[in-house]
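Peer 1: Contents are TSV, C-alpha atoms; file name work-v8.tsv:
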```
chain	number	residue	atom	x	y	z
E	254	MET	CA	65.39	77.15	63.83
E	255	ALA	CA	69.10	76.90	63.09
E	256	THR	CA	71.65	74.18	63.70
E	257	THR	CA	75.00	74.73	65.40
E	258	ASP	CA	78.25	73.00	64.46
E	259	ASP	CA	77.65	70.23	66.99
E	260	GLY	CA	74.17	69.50	65.62
E	261	ALA	CA	72.23	71.21	68.40
E	262	ARG	CA	69.25	73.35	67.46
E	263	THR	CA	68.94	76.95	68.55
E	264	THR	CA	66.24	79.58	68.18
E	265	PHE	CA	66.58	82.89	66.38
E	266	LEU	CA	66.34	84.70	69.72
E	267	GLY	CA	69.15	82.54	71.01
E	268	GLU	CA	71.29	83.50	68.04
E	269	VAL	CA	70.58	87.18	68.64
E	270	LYS	CA	71.60	86.84	72.29
E	271	SER	CA	74.76	85.05	71.23
E	272	ALA	CA	75.64	87.63	68.55
E	273	VAL	CA	74.78	90.71	70.60
E	274	THR	CA	75.75	90.11	74.20
E	275	PRO	CA	74.44	92.28	77.07
E	276	HIS	CA	77.95	93.73	77.40
E	277	ALA	CA	77.95	94.70	73.73
E	278	SER	CA	74.47	96.18	74.07
E	279	LEU	CA	75.63	98.42	76.90
E	280	LEU	CA	78.62	99.56	74.85
E	281	VAL	CA	76.34	100.35	71.89
E	282	LEU	CA	74.09	102.40	74.16
E	283	GLY	CA	77.19	104.22	75.38
E	284	VAL	CA	78.18	105.00	71.79
E	285	LEU	CA	74.65	106.29	71.14
E	286	GLY	CA	75.00	108.57	74.15
E	287	LEU	CA	78.36	109.87	72.90
E	288	MET	CA	76.83	110.54	69.47
E	289	VAL	CA	73.99	112.57	70.98
E	290	ALA	CA	76.48	114.44	73.17
E	291	PHE	CA	78.66	115.15	70.10
E	292	ILE	CA	75.74	116.64	68.17
E	293	THR	CA	74.58	118.63	71.18
E	294	SER	CA	78.01	120.02	72.01
E	295	TYR	CA	79.03	121.06	68.51
E	296	THR	CA	75.62	122.47	67.60
E	297	GLY	CA	75.30	124.24	70.93
E	298	ALA	CA	78.72	125.86	70.55
E	299	PHE	CA	78.51	126.86	66.89
E	300	HIS	CA	74.84	127.43	65.99
E	301	GLN	CA	74.66	131.10	66.95
E	302	PRO	CA	78.07	132.73	67.44
E	303	ARG	CA	77.94	136.33	68.63
E	304	PRO	CA	80.47	138.56	70.37
E	305	THR	CA	80.08	138.93	74.12
E	306	ASP	CA	82.27	141.14	76.28
E	307	VAL	CA	85.14	141.25	73.78
E	308	PRO	CA	88.04	143.14	75.44
E	309	LEU	CA	88.51	146.38	73.48
E	310	GLY	CA	90.91	149.20	74.24
E	311	VAL	CA	89.76	152.78	73.67
E	312	VAL	CA	92.30	155.53	73.00
E	313	ALA	CA	90.74	158.97	72.83
E	314	PRO	CA	91.24	162.50	74.23
E	315	ALA	CA	90.61	162.56	77.95
E	316	PRO	CA	87.37	164.63	77.89
E	317	ALA	CA	85.61	162.23	75.49
E	318	ARG	CA	87.24	158.93	76.47
E	319	GLY	CA	85.03	158.12	79.43
E	320	GLN	CA	81.83	158.91	77.55
E	321	LEU	CA	82.88	156.75	74.57
E	322	VAL	CA	83.77	153.84	76.86
E	323	THR	CA	80.34	154.13	78.49
E	324	GLU	CA	78.56	154.22	75.12
E	325	LEU	CA	80.40	151.13	73.86
E	326	ASP	CA	79.80	149.31	77.12
E	327	ARG	CA	76.05	149.91	76.87
E	328	LEU	CA	75.63	148.53	73.34
E	329	PRO	CA	72.69	146.06	73.11
E	330	GLY	CA	73.76	142.50	73.94
E	331	SER	CA	77.00	143.68	75.57
E	332	PRO	CA	79.25	142.72	72.63
E	333	LEU	CA	82.23	144.71	73.95
E	334	ASP	CA	84.14	145.09	77.18
E	335	PRO	CA	85.75	148.50	76.52
E	336	ARG	CA	88.55	149.83	78.68
E	337	PRO	CA	90.33	153.21	78.46
E	338	LEU	CA	93.98	153.28	77.40
E	339	ASP	CA	96.42	156.17	77.39
E	340	SER	CA	98.10	155.66	74.03
E	341	GLU	CA	98.17	153.68	70.82
E	342	ARG	CA	101.46	152.18	71.94
E	343	ALA	CA	99.80	150.80	75.07
E	344	ALA	CA	96.97	149.43	72.93
E	345	ARG	CA	99.34	147.66	70.56
E	346	GLN	CA	101.26	146.18	73.49
E	347	GLN	CA	98.11	144.81	75.12
E	348	ILE	CA	97.03	143.28	71.82
E	349	ALA	CA	100.46	141.64	71.49
E	350	ASP	CA	100.15	140.37	75.08
E	351	ARG	CA	96.66	139.00	74.24
E	352	GLU	CA	95.06	141.07	76.99
E	353	ILE	CA	92.65	142.73	74.54
E	354	ASP	CA	91.35	141.66	71.14
E	355	GLY	CA	91.27	145.07	69.51
E	356	ALA	CA	91.55	148.81	70.09
E	357	LEU	CA	89.70	151.86	68.81
E	358	ILE	CA	92.03	154.81	68.18
E	359	VAL	CA	90.02	158.03	67.98
E	360	ASP	CA	91.35	160.86	65.79
E	361	PRO	CA	90.38	164.17	67.46
E	362	ARG	CA	91.28	166.16	64.32
E	363	GLY	CA	89.19	164.23	61.83
E	364	SER	CA	86.14	162.01	61.41
E	365	THR	CA	87.93	158.75	60.61
E	366	ASP	CA	89.12	156.58	63.49
E	367	ARG	CA	91.26	153.46	63.37
E	368	LEU	CA	90.38	150.02	64.67
E	369	LEU	CA	93.34	147.80	65.55
E	370	VAL	CA	92.61	144.06	65.31
E	371	ALA	CA	94.65	140.84	65.35
E	372	SER	CA	93.33	138.29	62.88
E	373	GLY	CA	96.07	135.87	63.94
E	374	GLY	CA	94.02	135.30	67.09
E	375	GLY	CA	90.98	134.34	65.02
E	376	ALA	CA	89.63	135.89	61.84
E	377	SER	CA	86.01	135.42	62.88
E	378	LEU	CA	86.59	137.40	66.07
E	379	SER	CA	88.32	140.26	64.25
E	380	GLN	CA	85.46	140.46	61.76
E	381	ALA	CA	82.86	140.43	64.54
E	382	VAL	CA	84.62	143.26	66.40
E	383	GLU	CA	84.93	145.25	63.19
E	384	LEU	CA	81.21	144.91	62.46
E	385	VAL	CA	80.21	146.02	65.97
E	386	VAL	CA	82.58	148.99	66.03
E	387	ARG	CA	81.64	150.14	62.52
E	388	THR	CA	77.97	150.12	63.50
E	389	ALA	CA	78.70	152.09	66.67
E	390	GLU	CA	80.88	154.58	64.81
E	391	LYS	CA	78.22	155.10	62.15
E	392	ALA	CA	75.76	156.04	64.88
E	393	ARG	CA	78.28	158.73	65.95
E	394	ASN	CA	78.59	159.99	62.35
E	395	ARG	CA	82.16	158.73	62.14
E	396	THR	CA	83.95	156.20	59.96
E	397	VAL	CA	86.55	153.63	60.90
E	398	ARG	CA	89.58	152.19	59.12
E	399	THR	CA	90.69	148.71	60.18
E	400	VAL	CA	94.38	147.97	60.76
E	401	ASP	CA	95.47	144.37	61.32
E	402	VAL	CA	98.45	144.55	63.69
E	403	ALA	CA	98.89	140.75	63.98
E	404	PRO	CA	97.64	139.36	60.67
E	405	ALA	CA	97.27	135.67	59.99
E	406	ASP	CA	99.88	134.20	57.64
E	407	PRO	CA	98.91	134.05	53.94
E	408	GLY	CA	98.94	130.26	54.21
E	409	ASP	CA	96.63	130.47	57.21
E	410	SER	CA	94.04	132.97	56.04
E	411	ARG	CA	91.39	132.10	58.64
E	412	SER	CA	93.87	131.37	61.44
E	413	LEU	CA	92.60	127.80	61.61
E	414	SER	CA	95.85	125.93	60.96
E	415	SER	CA	96.78	126.10	64.64
E	416	PHE	CA	93.40	124.63	65.63
E	417	TYR	CA	93.56	121.75	63.17
E	418	LEU	CA	97.17	121.07	64.13
E	419	VAL	CA	96.17	120.77	67.79
E	420	VAL	CA	93.15	118.62	66.93
E	421	GLY	CA	95.46	116.27	65.03
E	422	TRP	CA	97.84	116.07	67.97
E	423	CYS	CA	94.93	115.34	70.34
E	424	VAL	CA	93.59	112.59	68.09
E	425	GLY	CA	97.04	111.04	67.90
E	426	GLY	CA	97.36	111.16	71.67
E	427	TYR	CA	94.19	109.34	72.60
E	428	LEU	CA	94.42	106.85	69.72
E	429	CYS	CA	97.97	105.90	70.72
E	430	ALA	CA	96.91	105.40	74.34
E	431	ALA	CA	93.88	103.37	73.28
E	432	ILE	CA	95.99	101.09	71.09
E	433	LEU	CA	98.56	100.57	73.86
E	434	ALA	CA	95.78	99.56	76.21
E	435	ILE	CA	93.60	97.45	73.93
E	436	SER	CA	96.57	95.44	72.69
E	437	ALA	CA	97.08	93.90	76.14
E	438	GLY	CA	94.08	94.75	78.32
E	439	ALA	CA	92.72	98.20	79.05
E	440	ARG	CA	93.81	98.29	82.67
E	441	PRO	CA	97.54	97.91	83.42
E	442	SER	CA	97.91	94.93	85.75
E	443	ASN	CA	101.01	96.34	87.47
E	444	THR	CA	103.08	99.47	87.80
E	445	HIS	CA	105.81	98.13	85.52
E	446	ARG	CA	103.38	97.81	82.65
E	447	ALA	CA	102.04	101.30	83.38
E	448	VAL	CA	105.56	102.75	83.29
E	449	ILE	CA	106.29	100.99	80.00
E	450	ARG	CA	103.08	102.31	78.45
E	451	LEU	CA	103.81	105.84	79.64
E	452	ALA	CA	107.38	105.64	78.33
E	453	ALA	CA	106.13	104.41	74.96
E	454	LEU	CA	103.59	107.24	74.93
E	455	ALA	CA	106.34	109.78	75.69
E	456	ALA	CA	108.46	108.53	72.79
E	457	TYR	CA	105.44	108.64	70.50
E	458	ALA	CA	104.58	112.17	71.70
E	459	ILE	CA	108.04	113.44	70.76
E	460	ALA	CA	107.74	111.91	67.29
E	461	ALA	CA	104.17	113.17	66.83
E	462	GLY	CA	105.10	116.71	67.90
E	463	LEU	CA	107.95	116.72	65.40
E	464	ALA	CA	105.78	115.35	62.59
E	465	GLY	CA	103.06	117.94	63.13
E	466	ALA	CA	105.52	120.83	63.29
E	467	ILE	CA	107.19	119.65	60.06
E	468	VAL	CA	103.86	119.39	58.20
E	469	VAL	CA	102.52	122.84	59.13
E	470	GLY	CA	105.93	124.49	58.87
E	471	PRO	CA	108.47	123.39	56.25
E	472	VAL	CA	106.07	121.23	54.22
E	473	LEU	CA	102.93	123.38	53.91
E	474	GLY	CA	104.08	126.74	55.21
E	475	ALA	CA	100.72	127.03	56.96
E	476	LEU	CA	101.88	128.30	60.34
E	477	PRO	CA	104.74	130.66	61.21
E	478	GLY	CA	106.54	130.74	64.54
E	479	SER	CA	109.41	128.93	66.19
E	480	PHE	CA	109.77	125.38	64.90
E	481	PRO	CA	111.35	123.99	68.12
E	482	ALA	CA	108.64	125.68	70.22
E	483	LEU	CA	105.85	124.15	68.11
E	484	TRP	CA	107.55	120.76	68.34
E	485	GLY	CA	107.74	121.01	72.11
E	486	LEU	CA	104.13	122.17	72.35
E	487	GLY	CA	103.00	119.28	70.18
E	488	ALA	CA	104.86	116.73	72.29
E	489	LEU	CA	103.26	118.14	75.45
E	490	ILE	CA	99.75	118.11	73.95
E	491	VAL	CA	100.07	114.53	72.69
E	492	PHE	CA	101.45	113.28	75.99
E	493	ALA	CA	98.84	115.17	78.04
E	494	VAL	CA	95.95	113.73	76.03
E	495	GLY	CA	97.50	110.25	75.92
E	496	ALA	CA	98.22	110.17	79.66
E	497	THR	CA	94.67	111.32	80.37
E	498	THR	CA	93.33	108.53	78.17
E	499	LEU	CA	95.52	105.95	79.94
E	500	ALA	CA	94.21	107.21	83.28
E	501	CYS	CA	90.60	106.91	82.10
E	502	GLN	CA	91.30	103.35	80.95
E	503	ALA	CA	93.01	102.46	84.21
E	504	LEU	CA	89.91	103.71	86.02
E	505	LEU	CA	87.14	102.28	83.83
E	506	GLY	CA	88.73	99.77	81.47
E	507	ILE	CA	87.59	99.88	77.86
E	508	ILE	CA	84.81	102.32	78.79
E	509	GLY	CA	87.53	104.81	79.68
E	510	ILE	CA	88.13	105.38	75.98
E	511	GLY	CA	84.60	106.78	75.78
E	512	LEU	CA	85.32	109.08	78.72
E	513	ALA	CA	88.47	110.34	76.99
E	514	ILE	CA	86.50	111.01	73.78
E	515	LEU	CA	83.91	112.89	75.84
E	516	LEU	CA	86.56	115.13	77.41
E	517	ILE	CA	88.79	115.72	74.38
E	518	VAL	CA	86.53	115.48	71.33
E	519	ILE	CA	82.98	116.21	72.45
E	520	LEU	CA	83.71	118.91	75.02
E	521	GLY	CA	87.25	119.97	74.13
E	522	ASN	CA	87.16	120.56	70.38
E	523	PRO	CA	84.09	122.83	70.07
E	524	SER	CA	85.24	124.87	73.08
E	525	ALA	CA	88.84	125.22	71.87
E	526	GLY	CA	88.34	128.65	70.29
E	527	GLY	CA	89.32	127.41	66.84
E	528	ALA	CA	86.64	128.38	64.34
E	529	TYR	CA	85.09	130.75	66.89
E	530	PRO	CA	87.37	132.23	69.58
E	531	TYR	CA	86.15	132.33	73.17
E	532	PRO	CA	84.27	135.68	73.08
E	533	LEU	CA	82.04	134.27	70.29
E	534	LEU	CA	81.10	131.07	72.15
E	535	PRO	CA	78.15	130.54	74.51
E	536	PRO	CA	78.98	130.80	78.24
E	537	PHE	CA	79.39	127.06	78.98
E	538	TRP	CA	81.88	126.42	76.18
E	539	ARG	CA	83.67	129.72	76.82
E	540	GLU	CA	84.28	128.73	80.44
E	541	ILE	CA	85.48	125.15	79.94
E	542	GLY	CA	87.57	125.75	76.80
E	543	PRO	CA	90.73	127.16	78.40
E	544	ALA	CA	90.80	124.31	80.95
E	545	LEU	CA	90.81	121.48	78.38
E	546	PRO	CA	93.78	120.35	76.24
E	547	PRO	CA	92.39	121.39	72.82
E	548	GLY	CA	91.64	124.91	74.04
E	549	ALA	CA	94.93	125.34	75.87
E	550	GLY	CA	96.80	123.94	72.88
E	551	THR	CA	95.07	126.16	70.33
E	552	TRP	CA	95.70	129.29	72.39
E	553	ALA	CA	99.37	128.34	72.84
E	554	ALA	CA	99.87	127.55	69.13
E	555	ARG	CA	98.42	130.92	68.09
E	556	SER	CA	100.56	132.69	70.68
E	557	LEU	CA	103.68	131.05	69.26
E	558	ALA	CA	102.68	131.78	65.67
E	559	TYR	CA	101.42	135.36	65.88
E	560	PHE	CA	102.07	136.92	69.31
E	561	HIS	CA	105.80	136.30	69.87
E	562	GLY	CA	105.12	133.58	72.44
E	563	ASN	CA	103.21	135.89	74.78
E	564	ALA	CA	100.44	134.68	77.13
E	565	LEU	CA	101.76	131.11	77.25
E	566	THR	CA	101.96	130.54	81.00
E	567	CYS	CA	98.36	129.58	81.66
E	568	PRO	CA	97.88	127.18	78.71
E	569	LEU	CA	101.19	125.48	79.39
E	570	LEU	CA	100.23	125.03	83.04
E	571	VAL	CA	96.90	123.53	81.96
E	572	LEU	CA	98.57	121.06	79.60
E	573	SER	CA	101.19	120.17	82.20
E	574	ALA	CA	98.46	119.56	84.77
E	575	TRP	CA	96.67	117.13	82.43
E	576	ALA	CA	99.97	115.37	81.68
E	577	ALA	CA	101.01	115.12	85.34
E	578	GLY	CA	97.52	114.23	86.53
E	579	GLY	CA	97.08	111.52	83.92
E	580	THR	CA	100.50	110.05	84.71
E	581	ALA	CA	99.92	110.08	88.47
E	582	LEU	CA	96.43	108.59	88.23
E	583	THR	CA	97.62	105.84	85.89
E	584	MET	CA	100.43	104.90	88.29
E	585	ILE	CA	98.24	105.06	91.41
E	586	LEU	CA	95.43	102.96	89.93
E	587	SER	CA	97.96	100.43	88.63
E	588	ALA	CA	99.53	100.16	92.10
E	589	PHE	CA	96.13	99.60	93.73
E	590	ARG	CA	95.25	97.02	91.09
E	591	ARG	CA	98.52	95.17	91.72
E	592	GLN	CA	97.79	95.22	95.43
E	593	GLY	CA	94.33	93.75	94.79
E	594	ASP	CA	95.81	91.01	92.62
E	595	GLY	CA	98.26	90.19	95.43
E	596	GLU	CA	95.42	89.85	97.91
E	597	GLN	CA	93.64	87.44	95.57
E	598	ALA	CA	96.83	85.39	95.23
E	599	ASN	CA	97.02	85.14	99.03
E	600	GLY	CA	93.71	83.31	99.24
E	601	LYS	CA	90.96	85.85	98.66
E	602	PRO	CA	88.31	85.07	96.01
E	603	GLY	CA	89.18	86.04	92.45
E	604	ASN	CA	88.84	84.81	88.92
E	605	GLY	CA	92.42	85.41	87.81
E	606	LYS	CA	91.33	87.86	85.12
E	607	GLN	CA	91.59	91.56	84.68
E	608	GLY	CA	88.59	93.77	85.23
E	609	ASP	CA	88.06	94.17	81.52
E	610	GLY	CA	87.61	90.46	81.06
E	611	LYS	CA	90.99	89.69	79.50
E	612	PRO	CA	93.52	87.30	80.98
E	613	GLU	CA	96.55	88.63	82.78
E	614	ASN	CA	99.65	88.78	80.64
```
I need this file expressed as structure tokens, please.

Peer 2:
Amino acid sequence: MATTDDGARTTFLGEVKSAVTPHASLLVLGVLGLMVAFITSYTGAFHQPRPTDVPLGVVAPAPARGQLVTELDRLPGSPLDPRPLDSERAARQQIADREIDGALIVDPRGSTDRLLVASGGGASLSQAVELVVRTAEKARNRTVRTVDVAPADPGDSRSLSSFYLVVGWCVGGYLCAAILAISAGARPSNTHRAVIRLAALAAYAIAAGLAGAIVVGPVLGALPGSFPALWGLGALIVFAVGATTLACQALLGIIGIGLAILLIVILGNPSAGGAYPYPLLPPFWREIGPALPPGAGTWAARSLAYFHGNALTCPLLVLSAWAAGGTALTMILSAFRRQGDGEQANGKPGNGKQGDGKPEN
């Protein structure tokens, strides 16, 4: 038995119920679920990377080209998606446009062929393609020489700086949104407060994009490419993730932070194509990666750094959709909530508190 400040006696079970409320218990169970999902997602994505249907150009004399494409297409496990090309110039252009991840250039006058790769798009993918092609060429009694036509920067040897930069921007985005919400109630009580939060998030996103671009560029020299373009990309990523987090909070209150973590961290990061680009990931993660902010951001950052800004339209549309969708949902839910508060003020039952249990302010 224990004694409270007013002299009343309470049981140990009563103290446990007081210290760990049912609401807190549910939140702890939610955290446990997120932890299990985190382990499952990261382990599922990374435990057995192998190339699957990697786009590969094949440049060879016309009589042998079709047969070689067929042989490469029938390799066990379908590691390659070979396609015939007319010239090395066309192959290099498609690599620069990020339409293919490599190209085999057959020398009809010798026994050594060339394999064009682009390690700037992911060193692990280039190495996987090289291993598959070397094995296939050895079976044909030929050798292969690898040529990196879009190499990663010396300060970015594994082409991971872009991924970690985007992860940092994503973390900054949802943490900023969470702090803005928790400081005065997770759900905005009116549209004015929602607008203020979104405006504060936009200002933060501009500063965060600038800070990230400075660190990986002038400070560390870890990532080449246009500084203003990286800054703009960073601002868009931070705002997209932050607006999505605000929308989740407007929908579910404090639990919305968990939903944002599920989308961005648990599902988004392992499917982003960072350590293992898309062709090395299992089907589920390969499909969802390009549609989530970390994946779209990583692809865009690598395009800016190593591919002259090519293939940016789709990832920028994805990020813009998350930013616009999060903004619209936050505003709509805030307007509905304000309307509900007005109905309560006009005589309908209500407790005068926000849905997350905090007083209006």

Peer 1: Neighbouring residues of Ser573 of chain E were defined as those with any atom within 12 Å, considering all atoms listed in the file; residues of the same chain fewer than 6 positions away were excluded. Please report them as a list in words.

Peer 2: Leu486, Ala488, Leu489, Ile490, Val491, Phe492, Ala493, Val494, Ala496, Thr497, Ala544, Leu545, Pro546, Ala549, Gly550, Thr566, Cys567, Gly579, Thr580 and Ala581 of chain E

Peer 1: Using all atoms listed in the file, which of E:Pro568, E:Thr583, E:Ile348, E:Pro332 sits nearest Ala447 of chain E?

Peer 2: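 Smallest distance to Ala447 of chain E is found for E:Thr583.
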
Peer 1: Select, from E:Leu357, E:Leu512, E:Leu266, E:Leu369, the residue with the minimum atom-to-atom distance to Val322 of chain E, counting only C-alpha atoms.

Peer 2: E:Leu357

Peer 1: Which polymer residues have any atom within 6 Å of an atom of segment 585-587 of chain E, counting only C-alpha atoms, with same-chain residues fewer than 3 positions away left out, as a tab-separated table (two decimals) with C-alpha atoms, in the frame of the given file?

Peer 2:
```
chain	number	residue	atom	x	y	z
E	441	PRO	CA	97.54	97.91	83.42
E	443	ASN	CA	101.01	96.34	87.47
E	444	THR	CA	103.08	99.47	87.80
E	582	LEU	CA	96.43	108.59	88.23
E	590	ARG	CA	95.25	97.02	91.09
```

Peer 1: Go through E:Ala525, E:Ile510, E:Ala576, E:Ala272 and flag the residue nearest Ala458 of chain E, using only C-alpha atoms for the distances.

Peer 2: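 Looking only at the distances to Ala458 of chain E, the closest residue turns out to be E:Ala576.
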
Peer 1: With all atoms listed in the file as the counted atoms, please give the residues lying no more than 10 Å from Ala453 of chain E, apart from itself and same-chain residues fewer than 6 positions off, as a PDB file with C-alpha atoms, keeping the file's coordinate frame.

Peer 2:
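This is the output file result.pdb:
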```
ATOM      1  CA  CYS E 429      97.970 105.900  70.720  1.00  0.00           C
ATOM      2  CA  ALA E 430      96.910 105.400  74.340  1.00  0.00           C
ATOM      3  CA  LEU E 433      98.560 100.570  73.860  1.00  0.00           C
ATOM      4  CA  ALA E 447     102.040 101.300  83.380  1.00  0.00           C
TER       5      ALA E 447
END
```
